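Undergrad: Contents of coords35.cif (mmCIF, C-alpha atoms) are below:
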data_upload
#
loop_
_atom_site.group_PDB
_atom_site.id
_atom_site.type_symbol
_atom_site.label_atom_id
_atom_site.label_comp_id
_atom_site.auth_asym_id
_atom_site.auth_seq_id
_atom_site.Cartn_x
_atom_site.Cartn_y
_atom_site.Cartn_z
ATOM 1 C CA MET P 112 -41.008 -2.296 36.216
ATOM 2 C CA ARG P 113 -38.169 -3.925 34.330
ATOM 3 C CA ASN P 114 -35.628 -1.427 35.762
ATOM 4 C CA LEU P 115 -36.832 -2.197 39.278
ATOM 5 C CA PHE P 116 -36.366 -5.909 38.639
ATOM 6 C CA TYR P 117 -32.815 -5.330 37.310
ATOM 7 C CA ALA P 118 -31.983 -3.165 40.315
ATOM 8 C CA PHE P 119 -33.220 -5.907 42.652
ATOM 9 C CA ILE P 120 -31.140 -8.579 40.880
ATOM 10 C CA LEU P 121 -28.064 -6.332 40.894
ATOM 11 C CA GLY P 122 -28.496 -5.612 44.620
ATOM 12 C CA LEU P 123 -28.898 -9.303 45.367
ATOM 13 C CA CYS P 124 -25.745 -10.148 43.412
ATOM 14 C CA PHE P 125 -23.764 -7.464 45.223
ATOM 15 C CA SER P 126 -24.923 -8.646 48.651
ATOM 16 C CA VAL P 127 -23.847 -12.212 47.870
ATOM 17 C CA PHE P 128 -20.528 -10.929 46.472
ATOM 18 C CA TYR P 129 -19.950 -8.837 49.605
ATOM 19 C CA SER P 130 -20.855 -11.504 52.136
ATOM 20 C CA TYR P 131 -18.850 -14.329 50.544
ATOM 21 C CA ILE P 132 -15.856 -12.482 49.086
ATOM 22 C CA LEU P 133 -15.329 -8.902 50.234
ATOM 23 C CA HIS P 134 -16.264 -9.245 53.907
ATOM 24 C CA PRO P 135 -14.043 -12.304 54.584
ATOM 25 C CA ILE P 136 -11.110 -10.573 52.854
ATOM 26 C CA HIS P 137 -11.669 -7.491 55.040
ATOM 27 C CA LEU P 138 -11.799 -9.639 58.196
ATOM 28 C CA THR P 139 -8.655 -11.511 57.157
ATOM 29 C CA ALA P 140 -6.814 -8.217 56.709
ATOM 30 C CA LYS P 141 -8.113 -6.977 60.081
ATOM 31 C CA TYR P 142 -7.612 -10.083 62.236
ATOM 32 C CA GLY P 143 -5.445 -12.433 60.186
ATOM 33 C CA ASP P 144 -2.091 -11.757 61.858
ATOM 34 C CA LYS P 145 -3.587 -11.836 65.360
ATOM 35 C CA VAL P 146 -5.350 -15.142 64.619
ATOM 36 C CA LYS P 147 -2.092 -16.626 63.320
ATOM 37 C CA GLU P 148 -0.290 -15.550 66.510
ATOM 38 C CA ILE P 149 -2.984 -17.108 68.700
ATOM 39 C CA LEU P 150 -2.996 -20.392 66.795
ATOM 40 C CA GLU P 151 0.793 -20.591 66.789
ATOM 41 C CA LYS P 152 0.978 -19.937 70.554
ATOM 42 C CA GLU P 153 -1.855 -22.328 71.430
ATOM 43 C CA TYR P 154 -0.815 -25.056 68.985
ATOM 44 C CA SER P 155 2.929 -24.911 68.518
ATOM 45 C CA ASP P 156 2.871 -27.731 65.946
ATOM 46 C CA TYR P 157 1.186 -25.359 63.495
ATOM 47 C CA SER P 158 3.587 -23.461 61.319
ATOM 48 C CA ASN P 159 3.253 -21.653 58.044
ATOM 49 C CA LEU P 160 -0.455 -21.041 58.592
ATOM 50 C CA TRP P 161 -2.622 -19.546 55.875
ATOM 51 C CA VAL P 162 -5.624 -18.173 57.683
ATOM 52 C CA PHE P 163 -8.884 -17.035 56.095
ATOM 53 C CA VAL P 164 -11.223 -15.375 58.591
ATOM 54 C CA GLN P 165 -14.814 -15.942 57.504
ATOM 55 C CA GLY P 166 -16.807 -14.080 60.120
ATOM 56 C CA ASP P 167 -17.135 -12.499 63.512
ATOM 57 C CA THR P 168 -19.979 -12.064 65.965
ATOM 58 C CA LYS P 169 -19.203 -9.904 68.996
ATOM 59 C CA HIS P 170 -15.501 -10.752 68.754
ATOM 60 C CA VAL P 171 -16.022 -14.485 68.169
ATOM 61 C CA ILE P 172 -13.858 -15.159 65.157
ATOM 62 C CA ARG P 173 -14.380 -18.116 62.870
ATOM 63 C CA GLY P 174 -12.430 -19.104 59.813
ATOM 64 C CA VAL P 175 -10.408 -21.765 58.081
ATOM 65 C CA ILE P 176 -6.736 -22.713 58.032
ATOM 66 C CA LEU P 177 -6.283 -22.985 54.300
ATOM 67 C CA ASN P 178 -3.210 -25.211 54.175
ATOM 68 C CA THR P 179 -4.794 -27.869 56.442
ATOM 69 C CA GLY P 180 -8.487 -27.391 55.664
ATOM 70 C CA GLN P 181 -9.374 -27.163 59.360
ATOM 71 C CA ASN P 182 -11.991 -24.786 60.712
ATOM 72 C CA PHE P 183 -11.258 -22.748 63.811
ATOM 73 C CA LEU P 184 -13.234 -20.706 66.294
ATOM 74 C CA ILE P 185 -11.645 -18.143 68.615
ATOM 75 C CA VAL P 186 -13.753 -16.697 71.414
ATOM 76 C CA ASP P 187 -13.198 -13.063 72.470
ATOM 77 C CA ILE P 188 -10.373 -11.941 70.227
ATOM 78 C CA LYS P 189 -10.055 -8.691 72.197
ATOM 79 C CA LEU P 190 -8.410 -10.630 75.034
ATOM 80 C CA ALA P 191 -5.662 -11.655 72.640
ATOM 81 C CA GLU P 192 -3.891 -8.363 73.176
ATOM 82 C CA TYR P 193 -3.477 -9.050 76.889
ATOM 83 C CA ASP P 194 -3.683 -12.736 77.789
ATOM 84 C CA TYR P 195 -3.391 -15.615 75.330
ATOM 85 C CA LYS P 196 -4.291 -18.187 77.991
ATOM 86 C CA ALA P 197 -7.741 -16.648 78.598
ATOM 87 C CA ILE P 198 -8.757 -17.165 74.971
ATOM 88 C CA LYS P 199 -10.850 -20.181 74.049
ATOM 89 C CA VAL P 200 -9.719 -21.749 70.777
ATOM 90 C CA MET P 201 -11.536 -24.599 69.071
ATOM 91 C CA ILE P 202 -10.205 -26.379 66.007
ATOM 92 C CA VAL P 203 -12.509 -28.721 64.121
ATOM 93 C CA GLY P 204 -11.104 -31.605 62.087
ATOM 94 C CA ASP P 205 -7.801 -33.390 61.899
ATOM 95 C CA LYS P 206 -4.650 -32.223 60.197
ATOM 96 C CA LYS P 207 -4.152 -33.755 56.784
#
Will you turn the file into structure tokens for me?

TA:
Amino acid sequence: MRNLFYAFILGLCFSVFYSYILHPIHLTAKYGDKVKEILEKEYSDYSNLWVFVQGDTKHVIRGVILNTGQNFLIVDIKLAEYDYKAIKVMIVGDKK
């Protein structure tokens, strides 16, 4: 019974570790450059962006611009390869 309890705790710790650390790093590696391109084209006053992509749901990308602390949401990242104007970008918060 004790081994089952330890296995449960270990599995719970790994799932939290994956969802908060490993998965966002994977998404940043996968979409980070494309997100930076989109933000730079849509908002030309942004430069030197440090982007951390936190999650995606059916190609809706959300994350944070680390050097300003702003959250962003990009709808349908697949369109980014073809037409930047068709992409909906929402940035929450003011620049510091």

Undergrad: Between atom CA of P:Gly143 and atom CA of P:Arg173, what distance in Å does the model show, to one decimal?

TA: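 Value for the atom CA of P:Gly143-atom CA of P:Arg173 distance: 10.9 Å.
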
Undergrad: Residues within 12 Å of (-13.3, -24.9, 56.1), file coordinates, counting all atoms listed in the file: what are they? Give the list as a ChimeraX atom specification.

TA: /P:161-165,173-184,202-205

Undergrad: So that I can check the surroundings of P:Pro135, please list as a list in words every protein, DNA and RNA residue that reaches within 10 Å of it, counting all atoms listed in the file and ignoring chain neighbours fewer than 3 positions away.

TA: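 Within the cut-off, the hits are Tyr129, Ser130, Tyr131, Ile132, Leu138, Thr139, Ala140, Lys141, Phe163, Val164, Gln165, Gly166, Asp167 and Gly174 of chain P.
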
Undergrad: Ranking P:Val146, P:Gly122, P:Leu115, P:Ile172 by minimum distance to P:Leu160 and counting all atoms listed in the file, which one comes first?

TA: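 Checking each of P:Val146, P:Gly122, P:Leu115, P:Ile172 against P:Leu160, counting all atoms listed in the file, the winner is P:Val146.
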
Undergrad: If the PyMOL selection byres ((chain P and resi 186) around 9) is run on the structure shown, which residues does it catch, given as a PyMOL selection string?

TA: chain P and resi 170-173+184-185+187-190+198-201

Undergrad: Kindly save the residues from that selection, with C-alpha atoms included, as a compact mmCIF listing (two decimals), in the coordinates of the input.

TA:
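Now in result-v8.txt:
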# COMPACT_ATOMS: atom_id res chain seq x y z
CA HIS P 170 -15.50 -10.75 68.75
CA VAL P 171 -16.02 -14.48 68.17
CA ILE P 172 -13.86 -15.16 65.16
CA ARG P 173 -14.38 -18.12 62.87
CA LEU P 184 -13.23 -20.71 66.29
CA ILE P 185 -11.64 -18.14 68.61
CA ASP P 187 -13.20 -13.06 72.47
CA ILE P 188 -10.37 -11.94 70.23
CA LYS P 189 -10.06 -8.69 72.20
CA LEU P 190 -8.41 -10.63 75.03
CA ILE P 198 -8.76 -17.16 74.97
CA LYS P 199 -10.85 -20.18 74.05
CA VAL P 200 -9.72 -21.75 70.78
CA MET P 201 -11.54 -24.60 69.07

Undergrad: Could you tell me how far atom CA of P:Lys169 sits from atom CA of P:Phe128, in Å to one decimal place?

TA: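 Between atom CA of P:Phe128 and atom CA of P:Lys169 the gap is 22.6 Å.
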
Undergrad: Please compute the atom CA of P:His137-atom CA of P:Thr168 distance, one decimal, in Å.

TA: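 It comes out at 14.5 Å.
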
Undergrad: Could you rebuild stretch 127-159 of chain P with N, CA and C atoms and give me the result as a PDB file, keeping the file's coordinate frame?

TA:
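This is the output file part28.pdb:
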ATOM      1  N   VAL P 127     -24.493 -10.899  47.839  1.00  0.00           N
ATOM      2  CA  VAL P 127     -23.847 -12.212  47.870  1.00  0.00           C
ATOM      3  C   VAL P 127     -22.343 -12.054  47.675  1.00  0.00           C
ATOM      4  N   PHE P 128     -21.946 -11.196  46.735  1.00  0.00           N
ATOM      5  CA  PHE P 128     -20.528 -10.929  46.472  1.00  0.00           C
ATOM      6  C   PHE P 128     -19.853 -10.369  47.716  1.00  0.00           C
ATOM      7  N   TYR P 129     -20.523  -9.445  48.407  1.00  0.00           N
ATOM      8  CA  TYR P 129     -19.950  -8.837  49.605  1.00  0.00           C
ATOM      9  C   TYR P 129     -19.819  -9.848  50.733  1.00  0.00           C
ATOM     10  N   SER P 130     -20.868 -10.616  50.973  1.00  0.00           N
ATOM     11  CA  SER P 130     -20.855 -11.504  52.136  1.00  0.00           C
ATOM     12  C   SER P 130     -19.909 -12.686  51.970  1.00  0.00           C
ATOM     13  N   TYR P 131     -19.691 -13.156  50.751  1.00  0.00           N
ATOM     14  CA  TYR P 131     -18.850 -14.329  50.544  1.00  0.00           C
ATOM     15  C   TYR P 131     -17.431 -14.010  50.099  1.00  0.00           C
ATOM     16  N   ILE P 132     -17.189 -12.801  49.599  1.00  0.00           N
ATOM     17  CA  ILE P 132     -15.856 -12.482  49.086  1.00  0.00           C
ATOM     18  C   ILE P 132     -15.254 -11.264  49.778  1.00  0.00           C
ATOM     19  N   LEU P 133     -15.920 -10.129  49.712  1.00  0.00           N
ATOM     20  CA  LEU P 133     -15.329  -8.902  50.234  1.00  0.00           C
ATOM     21  C   LEU P 133     -15.230  -8.879  51.758  1.00  0.00           C
ATOM     22  N   HIS P 134     -16.279  -9.283  52.448  1.00  0.00           N
ATOM     23  CA  HIS P 134     -16.264  -9.245  53.907  1.00  0.00           C
ATOM     24  C   HIS P 134     -15.218 -10.189  54.505  1.00  0.00           C
ATOM     25  N   PRO P 135     -15.109 -11.444  54.049  1.00  0.00           N
ATOM     26  CA  PRO P 135     -14.043 -12.304  54.584  1.00  0.00           C
ATOM     27  C   PRO P 135     -12.640 -11.765  54.310  1.00  0.00           C
ATOM     28  N   ILE P 136     -12.428 -11.146  53.148  1.00  0.00           N
ATOM     29  CA  ILE P 136     -11.110 -10.573  52.854  1.00  0.00           C
ATOM     30  C   ILE P 136     -10.820  -9.421  53.808  1.00  0.00           C
ATOM     31  N   HIS P 137     -11.823  -8.592  54.091  1.00  0.00           N
ATOM     32  CA  HIS P 137     -11.669  -7.491  55.040  1.00  0.00           C
ATOM     33  C   HIS P 137     -11.340  -8.022  56.434  1.00  0.00           C
ATOM     34  N   LEU P 138     -12.052  -9.066  56.879  1.00  0.00           N
ATOM     35  CA  LEU P 138     -11.799  -9.639  58.196  1.00  0.00           C
ATOM     36  C   LEU P 138     -10.420 -10.285  58.272  1.00  0.00           C
ATOM     37  N   THR P 139      -9.984 -10.908  57.182  1.00  0.00           N
ATOM     38  CA  THR P 139      -8.655 -11.511  57.157  1.00  0.00           C
ATOM     39  C   THR P 139      -7.589 -10.441  57.288  1.00  0.00           C
ATOM     40  N   ALA P 140      -7.774  -9.313  56.599  1.00  0.00           N
ATOM     41  CA  ALA P 140      -6.814  -8.217  56.709  1.00  0.00           C
ATOM     42  C   ALA P 140      -6.813  -7.628  58.117  1.00  0.00           C
ATOM     43  N   LYS P 141      -7.989  -7.580  58.754  1.00  0.00           N
ATOM     44  CA  LYS P 141      -8.113  -6.977  60.081  1.00  0.00           C
ATOM     45  C   LYS P 141      -7.586  -7.886  61.187  1.00  0.00           C
ATOM     46  N   TYR P 142      -7.929  -9.165  61.147  1.00  0.00           N
ATOM     47  CA  TYR P 142      -7.612 -10.083  62.236  1.00  0.00           C
ATOM     48  C   TYR P 142      -6.621 -11.185  61.883  1.00  0.00           C
ATOM     49  N   GLY P 143      -6.239 -11.289  60.633  1.00  0.00           N
ATOM     50  CA  GLY P 143      -5.445 -12.433  60.186  1.00  0.00           C
ATOM     51  C   GLY P 143      -4.155 -12.655  60.949  1.00  0.00           C
ATOM     52  N   ASP P 144      -3.366 -11.597  61.154  1.00  0.00           N
ATOM     53  CA  ASP P 144      -2.091 -11.757  61.858  1.00  0.00           C
ATOM     54  C   ASP P 144      -2.303 -12.131  63.310  1.00  0.00           C
ATOM     55  N   LYS P 145      -3.304 -11.521  63.958  1.00  0.00           N
ATOM     56  CA  LYS P 145      -3.587 -11.836  65.360  1.00  0.00           C
ATOM     57  C   LYS P 145      -4.050 -13.287  65.505  1.00  0.00           C
ATOM     58  N   VAL P 146      -4.886 -13.752  64.579  1.00  0.00           N
ATOM     59  CA  VAL P 146      -5.350 -15.142  64.619  1.00  0.00           C
ATOM     60  C   VAL P 146      -4.173 -16.095  64.438  1.00  0.00           C
ATOM     61  N   LYS P 147      -3.263 -15.777  63.525  1.00  0.00           N
ATOM     62  CA  LYS P 147      -2.092 -16.626  63.320  1.00  0.00           C
ATOM     63  C   LYS P 147      -1.238 -16.695  64.579  1.00  0.00           C
ATOM     64  N   GLU P 148      -1.058 -15.560  65.259  1.00  0.00           N
ATOM     65  CA  GLU P 148      -0.290 -15.550  66.510  1.00  0.00           C
ATOM     66  C   GLU P 148      -0.940 -16.439  67.559  1.00  0.00           C
ATOM     67  N   ILE P 149      -2.258 -16.320  67.701  1.00  0.00           N
ATOM     68  CA  ILE P 149      -2.984 -17.108  68.700  1.00  0.00           C
ATOM     69  C   ILE P 149      -2.847 -18.592  68.406  1.00  0.00           C
ATOM     70  N   LEU P 150      -3.073 -18.975  67.152  1.00  0.00           N
ATOM     71  CA  LEU P 150      -2.996 -20.392  66.795  1.00  0.00           C
ATOM     72  C   LEU P 150      -1.580 -20.937  66.969  1.00  0.00           C
ATOM     73  N   GLU P 151      -0.590 -20.132  66.637  1.00  0.00           N
ATOM     74  CA  GLU P 151       0.793 -20.591  66.789  1.00  0.00           C
ATOM     75  C   GLU P 151       1.169 -20.725  68.259  1.00  0.00           C
ATOM     76  N   LYS P 152       0.665 -19.839  69.127  1.00  0.00           N
ATOM     77  CA  LYS P 152       0.978 -19.937  70.554  1.00  0.00           C
ATOM     78  C   LYS P 152       0.216 -21.082  71.217  1.00  0.00           C
ATOM     79  N   GLU P 153      -1.046 -21.260  70.837  1.00  0.00           N
ATOM     80  CA  GLU P 153      -1.855 -22.328  71.430  1.00  0.00           C
ATOM     81  C   GLU P 153      -1.446 -23.704  70.913  1.00  0.00           C
ATOM     82  N   TYR P 154      -1.143 -23.781  69.624  1.00  0.00           N
ATOM     83  CA  TYR P 154      -0.815 -25.056  68.985  1.00  0.00           C
ATOM     84  C   TYR P 154       0.538 -24.899  68.303  1.00  0.00           C
ATOM     85  N   SER P 155       1.579 -25.182  69.018  1.00  0.00           N
ATOM     86  CA  SER P 155       2.929 -24.911  68.518  1.00  0.00           C
ATOM     87  C   SER P 155       3.299 -25.783  67.315  1.00  0.00           C
ATOM     88  N   ASP P 156       2.556 -26.874  67.093  1.00  0.00           N
ATOM     89  CA  ASP P 156       2.871 -27.731  65.946  1.00  0.00           C
ATOM     90  C   ASP P 156       2.382 -27.130  64.631  1.00  0.00           C
ATOM     91  N   TYR P 157       1.621 -26.037  64.716  1.00  0.00           N
ATOM     92  CA  TYR P 157       1.186 -25.359  63.495  1.00  0.00           C
ATOM     93  C   TYR P 157       2.266 -24.373  63.084  1.00  0.00           C
ATOM     94  N   SER P 158       2.644 -24.443  61.844  1.00  0.00           N
ATOM     95  CA  SER P 158       3.587 -23.461  61.319  1.00  0.00           C
ATOM     96  C   SER P 158       3.188 -23.184  59.879  1.00  0.00           C
ATOM     97  N   ASN P 159       3.562 -22.032  59.425  1.00  0.00           N
ATOM     98  CA  ASN P 159       3.253 -21.653  58.044  1.00  0.00           C
ATOM     99  C   ASN P 159       1.748 -21.631  57.790  1.00  0.00           C
TER     100      ASN P 159
END
